[in-house]
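Next comes target05.txt, with compact mmCIF, C-alpha atoms and all ligand atoms.
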# COMPACT_ATOMS: atom_id res chain seq x y z
CA MET A 1 -26.09 -42.61 -117.82
CA PRO A 2 -26.82 -38.91 -117.25
CA ASN A 3 -27.40 -37.81 -113.66
CA GLY A 4 -30.59 -35.95 -114.34
CA SER A 5 -32.40 -33.45 -116.50
CA ARG A 6 -32.82 -29.70 -116.67
CA VAL A 7 -35.31 -27.28 -118.16
CA VAL A 8 -33.38 -25.21 -120.69
CA SER A 9 -36.13 -23.03 -122.16
CA VAL A 10 -39.81 -22.13 -121.93
CA GLY A 11 -42.46 -20.81 -124.31
CA HIS A 12 -46.20 -20.25 -124.47
CA TYR A 13 -49.05 -19.28 -126.72
CA GLN A 14 -52.52 -17.90 -126.05
CA PRO A 15 -55.28 -17.20 -128.57
CA GLU A 16 -55.93 -13.53 -129.25
CA LYS A 17 -59.60 -13.42 -128.38
CA VAL A 18 -60.20 -12.21 -124.80
CA LEU A 19 -63.48 -13.00 -123.01
CA THR A 20 -64.02 -10.69 -120.03
CA ASN A 21 -66.24 -11.16 -117.00
CA ALA A 22 -68.39 -8.29 -118.29
CA GLU A 23 -69.03 -10.19 -121.52
CA LEU A 24 -69.91 -13.37 -119.57
CA CYS A 25 -72.45 -11.35 -117.57
CA GLU A 26 -74.34 -10.87 -120.85
CA MET A 27 -74.33 -14.62 -121.53
CA VAL A 28 -75.34 -16.10 -118.13
CA GLU A 29 -76.63 -14.85 -114.78
CA THR A 30 -73.37 -13.98 -113.06
CA THR A 31 -71.38 -10.98 -111.84
CA ASP A 32 -67.79 -9.81 -111.98
CA GLU A 33 -67.94 -9.69 -108.17
CA TRP A 34 -68.93 -13.40 -107.89
CA ILE A 35 -66.28 -14.59 -110.33
CA THR A 36 -63.53 -12.39 -108.87
CA SER A 37 -64.25 -13.18 -105.25
CA ARG A 38 -64.82 -16.95 -105.69
CA VAL A 39 -62.08 -17.81 -108.22
CA GLY A 40 -60.08 -14.66 -108.98
CA ILE A 41 -60.55 -14.70 -112.77
CA LYS A 42 -60.90 -11.40 -114.65
CA GLU A 43 -60.59 -12.63 -118.23
CA ARG A 44 -59.68 -15.69 -120.27
CA ARG A 45 -58.56 -16.43 -123.84
CA ILE A 46 -60.76 -18.31 -126.29
CA ALA A 47 -59.42 -20.18 -129.32
CA GLU A 48 -61.01 -19.67 -132.72
CA LYS A 49 -63.36 -22.38 -134.00
CA ASP A 50 -60.80 -23.66 -136.47
CA GLU A 51 -57.88 -23.39 -134.02
CA LYS A 52 -57.05 -26.90 -132.77
CA VAL A 53 -55.20 -28.06 -129.66
CA ALA A 54 -52.34 -29.06 -131.95
CA ASP A 55 -52.15 -25.47 -133.28
CA LEU A 56 -51.84 -24.08 -129.73
CA ALA A 57 -49.30 -26.76 -128.80
CA PHE A 58 -47.24 -26.15 -131.94
CA LYS A 59 -47.01 -22.40 -131.31
CA ALA A 60 -45.92 -22.87 -127.69
CA GLY A 61 -43.37 -25.51 -128.74
CA GLN A 62 -42.08 -23.30 -131.52
CA GLN A 63 -41.47 -20.48 -129.03
CA ALA A 64 -39.70 -22.77 -126.55
CA LEU A 65 -37.49 -23.99 -129.39
CA ALA A 66 -36.71 -20.44 -130.56
CA ASN A 67 -35.90 -19.40 -126.98
CA SER A 68 -33.52 -22.36 -126.56
CA GLY A 69 -31.29 -21.53 -129.52
CA LEU A 70 -31.60 -25.21 -130.50
CA SER A 71 -32.99 -26.57 -133.73
CA ALA A 72 -35.70 -29.19 -134.28
CA SER A 73 -33.04 -31.82 -135.03
CA ASP A 74 -31.74 -31.43 -131.44
CA ILE A 75 -35.05 -32.66 -129.99
CA ASP A 76 -35.53 -36.43 -129.82
CA MET A 77 -38.75 -36.74 -127.81
CA VAL A 78 -42.09 -34.90 -127.79
CA LEU A 79 -44.62 -35.26 -124.97
CA VAL A 80 -47.90 -33.33 -124.93
CA GLY A 81 -50.19 -33.20 -121.93
CA THR A 82 -53.74 -32.61 -123.12
CA THR A 83 -57.22 -33.69 -122.22
CA SER A 84 -59.13 -31.75 -124.87
CA ALA A 85 -57.51 -32.75 -128.18
CA MET A 86 -60.25 -33.99 -130.54
CA ASP A 87 -58.03 -35.97 -132.93
CA ARG A 88 -57.66 -39.64 -131.98
CA THR A 89 -54.73 -40.04 -134.33
CA PRO A 90 -52.31 -38.59 -135.19
CA ASN A 91 -51.98 -37.55 -131.58
CA THR A 92 -51.06 -33.96 -130.71
CA ALA A 93 -47.39 -34.77 -130.09
CA CYS A 94 -47.04 -36.36 -133.55
CA GLN A 95 -48.73 -33.34 -135.17
CA VAL A 96 -46.35 -30.99 -133.34
CA ALA A 97 -43.33 -33.16 -134.30
CA ALA A 98 -44.36 -33.06 -137.96
CA ARG A 99 -44.88 -29.30 -138.02
CA LEU A 100 -41.64 -28.53 -136.17
CA GLY A 101 -39.62 -30.88 -138.36
CA ILE A 102 -38.52 -33.22 -135.56
CA GLU A 103 -36.43 -36.09 -136.92
CA THR A 104 -37.76 -39.55 -137.73
CA GLY A 105 -37.35 -41.97 -134.85
CA SER A 106 -38.23 -39.55 -132.04
CA PRO A 107 -40.95 -40.89 -129.73
CA ALA A 108 -44.02 -38.63 -129.63
CA MET A 109 -46.97 -39.22 -127.34
CA ASP A 110 -49.87 -37.54 -125.57
CA VAL A 111 -50.43 -37.79 -121.83
CA ASN A 112 -53.98 -37.41 -120.54
CA THR A 113 -54.24 -36.90 -116.81
CA ALA A 114 -56.35 -33.74 -117.09
CA CYS A 115 -55.02 -30.73 -115.17
CA SER A 116 -52.03 -32.61 -113.74
CA GLY A 117 -50.86 -33.65 -117.23
CA PHE A 118 -47.89 -31.30 -117.40
CA GLY A 119 -46.43 -32.61 -114.12
CA TYR A 120 -46.91 -36.18 -115.34
CA ALA A 121 -45.23 -35.38 -118.68
CA VAL A 122 -42.28 -33.60 -117.04
CA GLY A 123 -41.91 -36.55 -114.63
CA MET A 124 -41.90 -39.00 -117.53
CA ALA A 125 -39.47 -36.89 -119.58
CA ASP A 126 -37.12 -36.68 -116.59
CA GLN A 127 -37.13 -40.48 -116.29
CA PHE A 128 -36.54 -41.01 -120.02
CA LEU A 129 -33.71 -38.45 -120.07
CA LYS A 130 -32.07 -39.97 -117.00
CA GLY A 131 -32.55 -43.44 -118.46
CA GLY A 132 -30.68 -42.40 -121.60
CA THR A 133 -33.48 -43.11 -124.07
CA ALA A 134 -33.62 -39.45 -125.15
CA LYS A 135 -31.30 -36.44 -124.91
CA ARG A 136 -33.73 -33.54 -125.25
CA ALA A 137 -37.48 -33.57 -124.78
CA LEU A 138 -40.03 -30.99 -125.81
CA VAL A 139 -42.79 -31.11 -123.17
CA ILE A 140 -46.01 -29.20 -123.82
CA GLY A 141 -49.31 -28.66 -122.02
CA ALA A 142 -52.07 -27.58 -124.42
CA GLU A 143 -55.82 -27.25 -124.03
CA LYS A 144 -58.92 -26.00 -125.78
CA LEU A 145 -61.31 -26.69 -122.93
CA THR A 146 -63.79 -24.14 -124.25
CA GLN A 147 -64.88 -26.76 -126.80
CA PHE A 148 -66.11 -28.84 -123.83
CA THR A 149 -67.76 -25.88 -122.08
CA ASP A 150 -71.52 -25.61 -121.64
CA TRP A 151 -71.98 -21.88 -122.23
CA SER A 152 -75.39 -21.94 -120.53
CA ASP A 153 -73.98 -23.37 -117.25
CA ARG A 154 -72.78 -20.46 -115.11
CA SER A 155 -71.09 -22.78 -112.60
CA THR A 156 -68.52 -23.89 -115.19
CA CYS A 157 -68.47 -21.51 -118.16
CA VAL A 158 -66.86 -18.69 -116.17
CA LEU A 159 -63.90 -20.88 -115.21
CA PHE A 160 -62.10 -22.13 -118.30
CA GLY A 161 -59.83 -20.78 -121.04
CA ASP A 162 -57.56 -21.98 -123.85
CA GLY A 163 -53.79 -21.89 -124.23
CA ALA A 164 -50.52 -23.76 -124.26
CA GLY A 165 -47.12 -23.70 -122.58
CA ALA A 166 -43.93 -25.62 -123.29
CA VAL A 167 -40.50 -26.44 -121.92
CA ILE A 168 -37.44 -28.07 -123.39
CA MET A 169 -35.66 -30.46 -121.03
CA GLU A 170 -32.24 -31.96 -121.58
CA ALA A 171 -30.19 -34.71 -119.97
CA THR A 172 -27.25 -33.54 -117.89
CA ASP A 173 -24.28 -35.04 -116.07
CA GLU A 174 -24.41 -32.24 -113.51
CA THR A 175 -25.60 -33.16 -110.04
CA GLU A 176 -26.74 -29.67 -108.94
CA GLN A 177 -29.93 -27.92 -110.05
CA VAL A 178 -31.47 -30.93 -111.73
CA THR A 179 -35.21 -31.62 -112.00
CA GLY A 180 -36.46 -32.94 -108.66
CA PRO A 181 -38.21 -36.30 -108.24
CA VAL A 182 -41.82 -36.30 -109.36
CA VAL A 183 -44.45 -36.67 -106.64
CA TRP A 184 -47.50 -38.07 -108.37
CA GLY A 185 -50.53 -40.20 -107.86
CA SER A 186 -54.25 -40.67 -108.25
CA VAL A 187 -57.26 -40.81 -105.94
CA PRO A 188 -59.54 -43.56 -107.26
CA ALA A 189 -62.22 -42.88 -104.64
CA MET A 190 -62.72 -39.45 -106.25
CA ALA A 191 -62.77 -40.64 -109.85
CA ASP A 192 -66.13 -39.02 -110.57
CA VAL A 193 -65.68 -35.51 -109.15
CA ILE A 194 -64.41 -33.94 -112.41
CA ARG A 195 -65.82 -35.30 -115.65
CA ILE A 196 -65.98 -34.91 -119.40
CA THR A 197 -67.62 -38.14 -120.50
CA GLU A 198 -69.08 -39.70 -123.61
CA ASP A 199 -72.59 -39.24 -122.16
CA ILE A 200 -72.13 -35.59 -121.19
CA PRO A 201 -69.36 -34.08 -123.30
CA PHE A 202 -69.13 -30.91 -121.19
CA ILE A 203 -66.88 -30.32 -118.22
CA LYS A 204 -68.71 -30.95 -114.94
CA GLN A 205 -67.28 -30.94 -111.44
CA GLU A 206 -68.25 -31.27 -107.79
CA GLY A 207 -66.56 -27.96 -107.02
CA GLN A 208 -66.83 -28.06 -103.24
CA SER A 209 -65.51 -31.65 -102.93
CA VAL A 210 -62.53 -30.79 -105.09
CA TYR A 211 -61.95 -27.58 -103.14
CA ARG A 212 -61.95 -29.42 -99.80
CA TRP A 213 -59.59 -32.09 -101.15
CA THR A 214 -57.12 -29.48 -102.43
CA VAL A 215 -56.82 -27.57 -99.18
CA THR A 216 -56.36 -30.71 -97.05
CA SER A 217 -54.36 -33.02 -99.36
CA LEU A 218 -52.15 -30.72 -101.40
CA PRO A 219 -50.00 -29.00 -98.72
CA PRO A 220 -48.32 -32.25 -97.52
CA LEU A 221 -47.80 -33.42 -101.12
CA ILE A 222 -46.19 -30.13 -102.09
CA ARG A 223 -44.00 -30.17 -98.96
CA GLN A 224 -42.89 -33.67 -99.95
CA THR A 225 -42.09 -32.43 -103.48
CA ILE A 226 -39.84 -29.73 -102.03
CA ASN A 227 -38.22 -32.12 -99.50
CA ASP A 228 -37.60 -34.78 -102.16
CA ALA A 229 -35.64 -32.16 -104.12
CA GLY A 230 -33.47 -31.60 -101.04
CA LEU A 231 -34.90 -28.12 -100.37
CA GLU A 232 -36.88 -26.21 -97.76
CA PRO A 233 -39.94 -24.07 -98.58
CA ALA A 234 -37.95 -20.96 -97.56
CA SER A 235 -35.50 -21.50 -100.44
CA ILE A 236 -38.19 -21.77 -103.14
CA LYS A 237 -38.23 -18.70 -105.43
CA ALA A 238 -41.51 -19.34 -107.24
CA PHE A 239 -44.59 -21.50 -106.74
CA VAL A 240 -46.63 -22.46 -109.76
CA LEU A 241 -49.72 -24.35 -108.63
CA HIS A 242 -52.33 -25.46 -111.17
CA GLN A 243 -54.34 -22.32 -111.86
CA ALA A 244 -57.82 -23.51 -110.85
CA ASN A 245 -58.80 -20.99 -108.19
CA LEU A 246 -56.89 -17.99 -106.81
CA ARG A 247 -58.29 -18.69 -103.33
CA ILE A 248 -56.79 -22.20 -103.41
CA ILE A 249 -53.47 -20.80 -104.68
CA GLU A 250 -53.29 -18.11 -101.99
CA GLY A 251 -54.52 -20.37 -99.16
CA ILE A 252 -52.04 -23.15 -99.90
CA SER A 253 -49.14 -20.72 -100.48
CA LYS A 254 -49.67 -19.22 -97.01
CA ARG A 255 -49.60 -22.67 -95.38
CA LEU A 256 -46.39 -23.81 -97.06
CA GLY A 257 -44.13 -21.26 -95.38
CA PHE A 258 -42.41 -19.73 -98.38
CA ASP A 259 -40.19 -16.74 -97.57
CA ASP A 260 -40.32 -14.46 -100.57
CA ALA A 261 -41.45 -16.80 -103.34
CA ILE A 262 -43.34 -15.36 -106.30
CA ILE A 263 -46.78 -16.96 -106.36
CA ALA A 264 -48.00 -17.50 -109.93
CA ASP A 265 -51.45 -15.95 -110.38
CA ASP A 266 -51.92 -16.14 -114.13
CA ILE A 267 -55.45 -17.45 -113.53
CA ILE A 268 -56.49 -13.77 -113.27
CA TYR A 269 -55.78 -13.26 -117.00
CA SER A 270 -56.05 -16.78 -118.41
CA GLY A 271 -58.70 -18.63 -116.38
CA ASN A 272 -58.26 -22.34 -115.78
CA THR A 273 -56.43 -23.77 -118.80
CA SER A 274 -56.09 -27.28 -117.31
CA THR A 275 -52.86 -28.99 -118.43
CA ALA A 276 -51.62 -25.75 -119.97
CA SER A 277 -51.92 -23.64 -116.83
CA ILE A 278 -48.56 -24.52 -115.23
CA PRO A 279 -46.26 -24.16 -118.28
CA LEU A 280 -48.20 -21.06 -119.35
CA ALA A 281 -47.76 -19.37 -115.97
CA LEU A 282 -44.14 -20.56 -115.74
CA SER A 283 -43.25 -19.20 -119.17
CA LYS A 284 -44.75 -15.81 -118.30
CA LEU A 285 -42.78 -15.63 -115.02
CA VAL A 286 -39.56 -16.32 -116.95
CA GLN A 287 -40.31 -13.94 -119.82
CA GLU A 288 -41.37 -11.14 -117.47
CA GLY A 289 -38.09 -11.54 -115.56
CA LYS A 290 -39.85 -12.40 -112.29
CA VAL A 291 -37.56 -15.41 -111.80
CA GLN A 292 -33.83 -15.59 -112.47
CA SER A 293 -31.66 -18.31 -113.94
CA GLY A 294 -31.02 -21.04 -111.35
CA ASP A 295 -34.00 -20.15 -109.13
CA PRO A 296 -35.74 -23.23 -107.72
CA ILE A 297 -39.42 -23.30 -108.72
CA VAL A 298 -41.99 -25.76 -107.43
CA LEU A 299 -44.64 -26.86 -109.93
CA PHE A 300 -47.73 -28.78 -108.80
CA GLY A 301 -50.77 -29.87 -110.78
CA PHE A 302 -54.01 -31.58 -109.78
CA GLY A 303 -57.26 -32.35 -111.49
CA GLY A 304 -59.58 -34.87 -113.11
CA GLY A 305 -59.07 -38.47 -112.18
CA LEU A 306 -58.37 -37.28 -109.50
CA THR A 307 -54.71 -37.07 -110.36
CA TYR A 308 -51.82 -34.96 -109.13
CA ALA A 309 -48.16 -34.47 -110.07
CA GLY A 310 -45.40 -31.99 -109.34
CA GLN A 311 -41.69 -31.45 -109.08
CA VAL A 312 -39.06 -28.80 -108.43
CA ILE A 313 -37.37 -27.41 -111.53
CA TYR A 314 -34.71 -24.70 -111.87
CA CYS A 315 -35.30 -21.56 -113.91
CA PRO A 316 -33.44 -21.80 -117.25
C1 LIG A 401 -65.90 -24.12 -108.75
C2 LIG A 401 -65.90 -23.19 -107.54
C3 LIG A 401 -65.27 -21.86 -107.90
C4 LIG A 401 -67.35 -22.92 -107.15
O1 LIG A 401 -67.37 -22.11 -105.97
P1 LIG A 401 -68.33 -22.52 -104.76
O2 LIG A 401 -68.17 -21.49 -103.73
O3 LIG A 401 -67.99 -23.93 -104.39
O4 LIG A 401 -69.76 -22.40 -105.43
P2 LIG A 401 -70.98 -23.43 -105.46
O5 LIG A 401 -70.87 -24.30 -106.67
O6 LIG A 401 -71.14 -24.11 -104.13
O7 LIG A 401 -72.18 -22.45 -105.65
C5 LIG A 401 -72.50 -21.46 -104.67
C6 LIG A 401 -73.61 -20.60 -105.18
O8 LIG A 401 -73.10 -19.78 -106.26
C7 LIG A 401 -73.94 -19.96 -107.40
N1 LIG A 401 -73.10 -19.82 -108.58
C8 LIG A 401 -72.38 -20.76 -109.20
N2 LIG A 401 -71.72 -20.23 -110.26
C9 LIG A 401 -72.06 -18.91 -110.28
C10 LIG A 401 -71.71 -17.84 -111.12
N3 LIG A 401 -70.88 -18.00 -112.16
N4 LIG A 401 -72.21 -16.62 -110.83
C11 LIG A 401 -73.03 -16.44 -109.79
N5 LIG A 401 -73.40 -17.41 -108.96
C12 LIG A 401 -72.91 -18.65 -109.21
C13 LIG A 401 -74.54 -21.33 -107.25
O9 LIG A 401 -75.73 -21.44 -108.00
C14 LIG A 401 -74.79 -21.39 -105.76
O10 LIG A 401 -75.96 -20.68 -105.50
P3 LIG A 401 -76.96 -21.14 -104.31
O11 LIG A 401 -76.14 -21.03 -103.05
O12 LIG A 401 -78.06 -20.16 -104.41
O13 LIG A 401 -77.32 -22.54 -104.64
C15 LIG A 401 -65.13 -23.83 -106.34
O14 LIG A 401 -65.91 -24.88 -105.80
C16 LIG A 401 -63.78 -24.38 -106.73
O15 LIG A 401 -62.91 -23.68 -107.17
N6 LIG A 401 -63.58 -25.69 -106.57
C17 LIG A 401 -62.33 -26.34 -106.93
C18 LIG A 401 -62.25 -26.50 -108.42
C19 LIG A 401 -60.96 -27.16 -108.83
O16 LIG A 401 -59.94 -26.95 -108.21
N7 LIG A 401 -61.00 -28.00 -109.85
C20 LIG A 401 -59.86 -28.83 -110.15
C21 LIG A 401 -59.15 -28.55 -111.36
S1 LIG A 401 -60.08 -28.37 -112.83
Show me, as structure tokens, the structure contained in the file I just sent.
Amino acid sequence: MPNGSRVVSVGHYQPEKVLTNAELCEMVETTDEWITSRVGIKERRIAEKDEKVADLAFKAGQQALANSGLSASDIDMVLVGTTSAMDRTPNTACQVAARLGIETGSPAMDVNTACSGFGYAVGMADQFLKGGTAKRALVIGAEKLTQFTDWSDRSTCVLFGDGAGAVIMEATDETEQVTGPVVWGSVPAMADVIRITEDIPFIKQEGQSVYRWTVTSLPPLIRQTINDAGLEPASIKAFVLHQANLRIIEGISKRLGFDDAIIADDIIYSGNTSTASIPLALSKLVQEGKVQSGDPIVLFGFGGGLTYAGQVIYCP
């Protein structure tokens, strides 16, 4: 059995259309000052009407594959975290597998745990790779949350955007620099605080309850994620928290005691892209050269359910 897994490449895709705060001010009663000071978002990307979650996922996966130097036949598992895909079947992972030309016999499934979906999918891929049931997994987070956005509700429509990010993970016999144990869970008592339901098919949340939960519950969970990987906060080189609110990101970062870690702040340009936000921000950090090969990076997602999941990975 392999000893663990590693991330070997990253990729991402965002739709071209940019929606700025100034444009939102013409749609609902809001201001750039409110949005910037409360959540830190300046702009977000919006998918075209005929652009599906599977299209975003495919493009991110295609880039991760191109960046890896591998071919589709080298991938034997596809996992897609998404909460906004409209197709019941084929699921997004199967659509991506078909378009990339992944070989027959490779498991392909979607994981829906809302904004923590990427951490869940990476945790599952790590287990499958360690367990020997796959050698290389393509793991994607992809969302088109704007199709569940009520554009007349200023409390939510300023928050969300569309996009996708991807990583390729492979099994390894090495013992150093392997994916850390996943720290994950759910909070059943808070099942109703973030919703997209059959009755009201628009995203709704109890913003203040979620905010309070993040600032009290996340720091110990993230510390545990770092400890379980055998590291200290001071040795972490980058922190990629789910991009839901810049104030949450900055507040939690300060409390964790990082030394000189880069704090991912892609929310400024992408808004909250749910499951996509972590791989999207991670891919940009790698492509912009802000992290170097072998750097330990802590990823942590949280969101609807409530659910949470994170792990330490090493920069490819
Ligand atoms: C969503 C969030 C930014 C809202 O910020 P908040 O400070 O809690 O804002 P509130 O909803 O309490 O609203 C405060 C006021 O701003 C107003 N407001 C809401 N949206 C506004 C907007 N876009 N522009 C201007 N005013 C707005 C409200 O009407 C309210 O006005 P009132 O005081 O006159 O009633 C914040 O609660 C948050 O980030 N929560 C966590 C979200 C999260 O992490 N989700 C998990 C992953 S998806």
Contacts to ligand LIG 401 (chain A) at 9 Å cut-off (all atoms listed in the file) as number ranges by chain
A: 24-25, 28-35, 38-40, 114-116, 153-160, 193-194, 203, 205-214, 242-248, 272-274, 301-304, 306
Can you work out the spacing between atom CA of Glu170 of chain A and atom CA of Val111 of chain A in Å, to one decimal?
19.1 Å
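The interatomic distance for the pair atom CA of Val122 of chain A and atom CA of His12 of chain A works out to 15.8 Å.
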Find the distance between atom CA of Ile226 of chain A and atom CA of Ala137 of chain A and write it in Å to one decimal.
23.2 Å
Top pick for closest residue to Ser217 of chain A, considering A:Thr104, A:Asn112, A:Ser186, A:Ser68 and counting all atoms listed in the file
A:Ser186
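With all atoms listed in the file taken into account, the protein and nucleic acid residues at most 12 Å from Asp260 of chain A (excluding it and anything under 4 positions from it in its own chain) are Pro233, Ala234, Ser235, Ile236, Lys237, Ala238, Phe239, Ser253, Lys254, Leu256, Lys290 and Val291 of chain A.
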Surrounding residues of Ala125 of chain A excluding itself and chain neighbours under 3 positions, 9 Å, all atoms listed in the file, as a CSV table (one decimal) with C-alpha atoms, in the coordinates of the input:
chain,number,residue,atom,x,y,z
A,5,SER,CA,-32.4,-33.4,-116.5
A,77,MET,CA,-38.8,-36.7,-127.8
A,78,VAL,CA,-42.1,-34.9,-127.8
A,79,LEU,CA,-44.6,-35.3,-125.0
A,120,TYR,CA,-46.9,-36.2,-115.3
A,121,ALA,CA,-45.2,-35.4,-118.7
A,122,VAL,CA,-42.3,-33.6,-117.0
A,128,PHE,CA,-36.5,-41.0,-120.0
A,129,LEU,CA,-33.7,-38.4,-120.1
A,130,LYS,CA,-32.1,-40.0,-117.0
A,134,ALA,CA,-33.6,-39.4,-125.2
A,136,ARG,CA,-33.7,-33.5,-125.2
A,137,ALA,CA,-37.5,-33.6,-124.8
A,138,LEU,CA,-40.0,-31.0,-125.8
A,139,VAL,CA,-42.8,-31.1,-123.2
A,169,MET,CA,-35.7,-30.5,-121.0
A,170,GLU,CA,-32.2,-32.0,-121.6
With only C-alpha atoms as the basis for distance, which of A:Ser152, A:Ser270, A:Thr175, A:Ser73 is at the shortest distance from Glu26 of chain A?
A:Ser152
Selection: 9 Å around Glu174 of chain A, only C-alpha atoms, excl. self and same-chain fewer than 6 positions, as an MDAnalysis selection string:
chainID A and resid 2:5
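In terms of minimum interatomic distance to Ile41 of chain A, A:Asp266 ranks closest within A:Asp266, A:Asp126, A:Asp199, A:Asp76, counting all atoms listed in the file.
Nearest to Gln292 of chain A of all the residues A:Cys315, A:Glu143, A:Gly69, A:Ile278 is A:Cys315, counting all atoms listed in the file.
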Mind listing whatever residues come within 12 Å of the point (-40.2, -34.6, -138.0)? Use all atoms listed in the file, file coordinates, and give them as a list in words.
Ser71, Ala72, Ser73, Asp74, Ile75, Asp76, Met77, Val78, Ala93, Cys94, Gln95, Val96, Ala97, Ala98, Arg99, Leu100, Gly101, Ile102, Glu103, Thr104, Gly105, Ser106, Pro107 and Ala108 of chain A
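Each of A:Ala66, A:Val10, A:Ile249, A:Leu221 was compared to Ala166 of chain A using all atoms listed in the file, and A:Val10 turns out to be the nearest.
For Gln14 of chain A, the residues within 10 Å (counting all atoms listed in the file, excluding itself and residues fewer than 2 positions away along the chain) are His12, Glu16, Lys17, Val18, Arg44, Arg45, Ile46, Ala47, Leu56, Ala57, Lys59, Ala60, Ala142, Gly161, Asp162, Gly163, Ala164, Gly165, Ser270, Ala276 and Leu280 of chain A.
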Using C-alpha atoms, can you write the selected residues to a file as an mmCIF file, in the coordinates of the input?
data_model
loop_
_atom_site.group_PDB
_atom_site.id
_atom_site.type_symbol
_atom_site.label_atom_id
_atom_site.label_comp_id
_atom_site.auth_asym_id
_atom_site.auth_seq_id
_atom_site.Cartn_x
_atom_site.Cartn_y
_atom_site.Cartn_z
ATOM 1 C CA HIS A 12 -46.200 -20.250 -124.470
ATOM 2 C CA GLU A 16 -55.930 -13.530 -129.250
ATOM 3 C CA LYS A 17 -59.600 -13.420 -128.380
ATOM 4 C CA VAL A 18 -60.200 -12.210 -124.800
ATOM 5 C CA ARG A 44 -59.680 -15.690 -120.270
ATOM 6 C CA ARG A 45 -58.560 -16.430 -123.840
ATOM 7 C CA ILE A 46 -60.760 -18.310 -126.290
ATOM 8 C CA ALA A 47 -59.420 -20.180 -129.320
ATOM 9 C CA LEU A 56 -51.840 -24.080 -129.730
ATOM 10 C CA ALA A 57 -49.300 -26.760 -128.800
ATOM 11 C CA LYS A 59 -47.010 -22.400 -131.310
ATOM 12 C CA ALA A 60 -45.920 -22.870 -127.690
ATOM 13 C CA ALA A 142 -52.070 -27.580 -124.420
ATOM 14 C CA GLY A 161 -59.830 -20.780 -121.040
ATOM 15 C CA ASP A 162 -57.560 -21.980 -123.850
ATOM 16 C CA GLY A 163 -53.790 -21.890 -124.230
ATOM 17 C CA ALA A 164 -50.520 -23.760 -124.260
ATOM 18 C CA GLY A 165 -47.120 -23.700 -122.580
ATOM 19 C CA SER A 270 -56.050 -16.780 -118.410
ATOM 20 C CA ALA A 276 -51.620 -25.750 -119.970
ATOM 21 C CA LEU A 280 -48.200 -21.060 -119.350
#
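For the choices A:Thr225, A:Gln127, A:Thr36, A:Asn21, the atom-to-atom distance to Val183 of chain A is smallest for A:Thr225 when using all atoms listed in the file.
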Hey, could you patch up segment 1-10 of chain A with N, CA, C and O atoms and hand it over as a PDB file, in the frame of the given file?
ATOM      1  N   MET A   1     -24.757 -43.215-117.934  1.00  0.00           N
ATOM      2  CA  MET A   1     -26.090 -42.610-117.820  1.00  0.00           C
ATOM      3  C   MET A   1     -25.995 -41.181-117.280  1.00  0.00           C
ATOM      4  O   MET A   1     -25.216 -40.931-116.357  1.00  0.00           O
ATOM      5  N   PRO A   2     -26.812 -40.270-117.807  1.00  0.00           N
ATOM      6  CA  PRO A   2     -26.820 -38.910-117.250  1.00  0.00           C
ATOM      7  C   PRO A   2     -27.303 -38.928-115.794  1.00  0.00           C
ATOM      8  O   PRO A   2     -27.993 -39.870-115.386  1.00  0.00           O
ATOM      9  N   ASN A   3     -26.955 -37.880-115.062  1.00  0.00           N
ATOM     10  CA  ASN A   3     -27.400 -37.810-113.660  1.00  0.00           C
ATOM     11  C   ASN A   3     -28.828 -37.304-113.511  1.00  0.00           C
ATOM     12  O   ASN A   3     -29.480 -37.581-112.511  1.00  0.00           O
ATOM     13  N   GLY A   4     -29.261 -36.535-114.480  1.00  0.00           N
ATOM     14  CA  GLY A   4     -30.590 -35.950-114.340  1.00  0.00           C
ATOM     15  C   GLY A   4     -30.968 -35.165-115.566  1.00  0.00           C
ATOM     16  O   GLY A   4     -30.390 -35.336-116.650  1.00  0.00           O
ATOM     17  N   SER A   5     -31.958 -34.290-115.382  1.00  0.00           N
ATOM     18  CA  SER A   5     -32.400 -33.450-116.500  1.00  0.00           C
ATOM     19  C   SER A   5     -32.589 -32.013-116.015  1.00  0.00           C
ATOM     20  O   SER A   5     -32.697 -31.780-114.806  1.00  0.00           O
ATOM     21  N   ARG A   6     -32.599 -31.120-116.975  1.00  0.00           N
ATOM     22  CA  ARG A   6     -32.820 -29.700-116.670  1.00  0.00           C
ATOM     23  C   ARG A   6     -33.774 -29.086-117.687  1.00  0.00           C
ATOM     24  O   ARG A   6     -33.747 -29.457-118.855  1.00  0.00           O
ATOM     25  N   VAL A   7     -34.521 -28.097-117.224  1.00  0.00           N
ATOM     26  CA  VAL A   7     -35.310 -27.280-118.160  1.00  0.00           C
ATOM     27  C   VAL A   7     -34.387 -26.230-118.740  1.00  0.00           C
ATOM     28  O   VAL A   7     -33.730 -25.499-117.986  1.00  0.00           O
ATOM     29  N   VAL A   8     -34.293 -26.169-120.071  1.00  0.00           N
ATOM     30  CA  VAL A   8     -33.380 -25.210-120.690  1.00  0.00           C
ATOM     31  C   VAL A   8     -34.102 -24.049-121.379  1.00  0.00           C
ATOM     32  O   VAL A   8     -33.465 -23.041-121.715  1.00  0.00           O
ATOM     33  N   SER A   9     -35.402 -24.184-121.623  1.00  0.00           N
ATOM     34  CA  SER A   9     -36.130 -23.030-122.160  1.00  0.00           C
ATOM     35  C   SER A   9     -37.627 -23.215-121.963  1.00  0.00           C
ATOM     36  O   SER A   9     -38.099 -24.333-121.687  1.00  0.00           O
ATOM     37  N   VAL A  10     -38.346 -22.116-122.093  1.00  0.00           N
ATOM     38  CA  VAL A  10     -39.810 -22.130-121.930  1.00  0.00           C
ATOM     39  C   VAL A  10     -40.441 -21.362-123.089  1.00  0.00           C
ATOM     40  O   VAL A  10     -39.761 -20.574-123.761  1.00  0.00           O
TER      41      VAL A  10
END
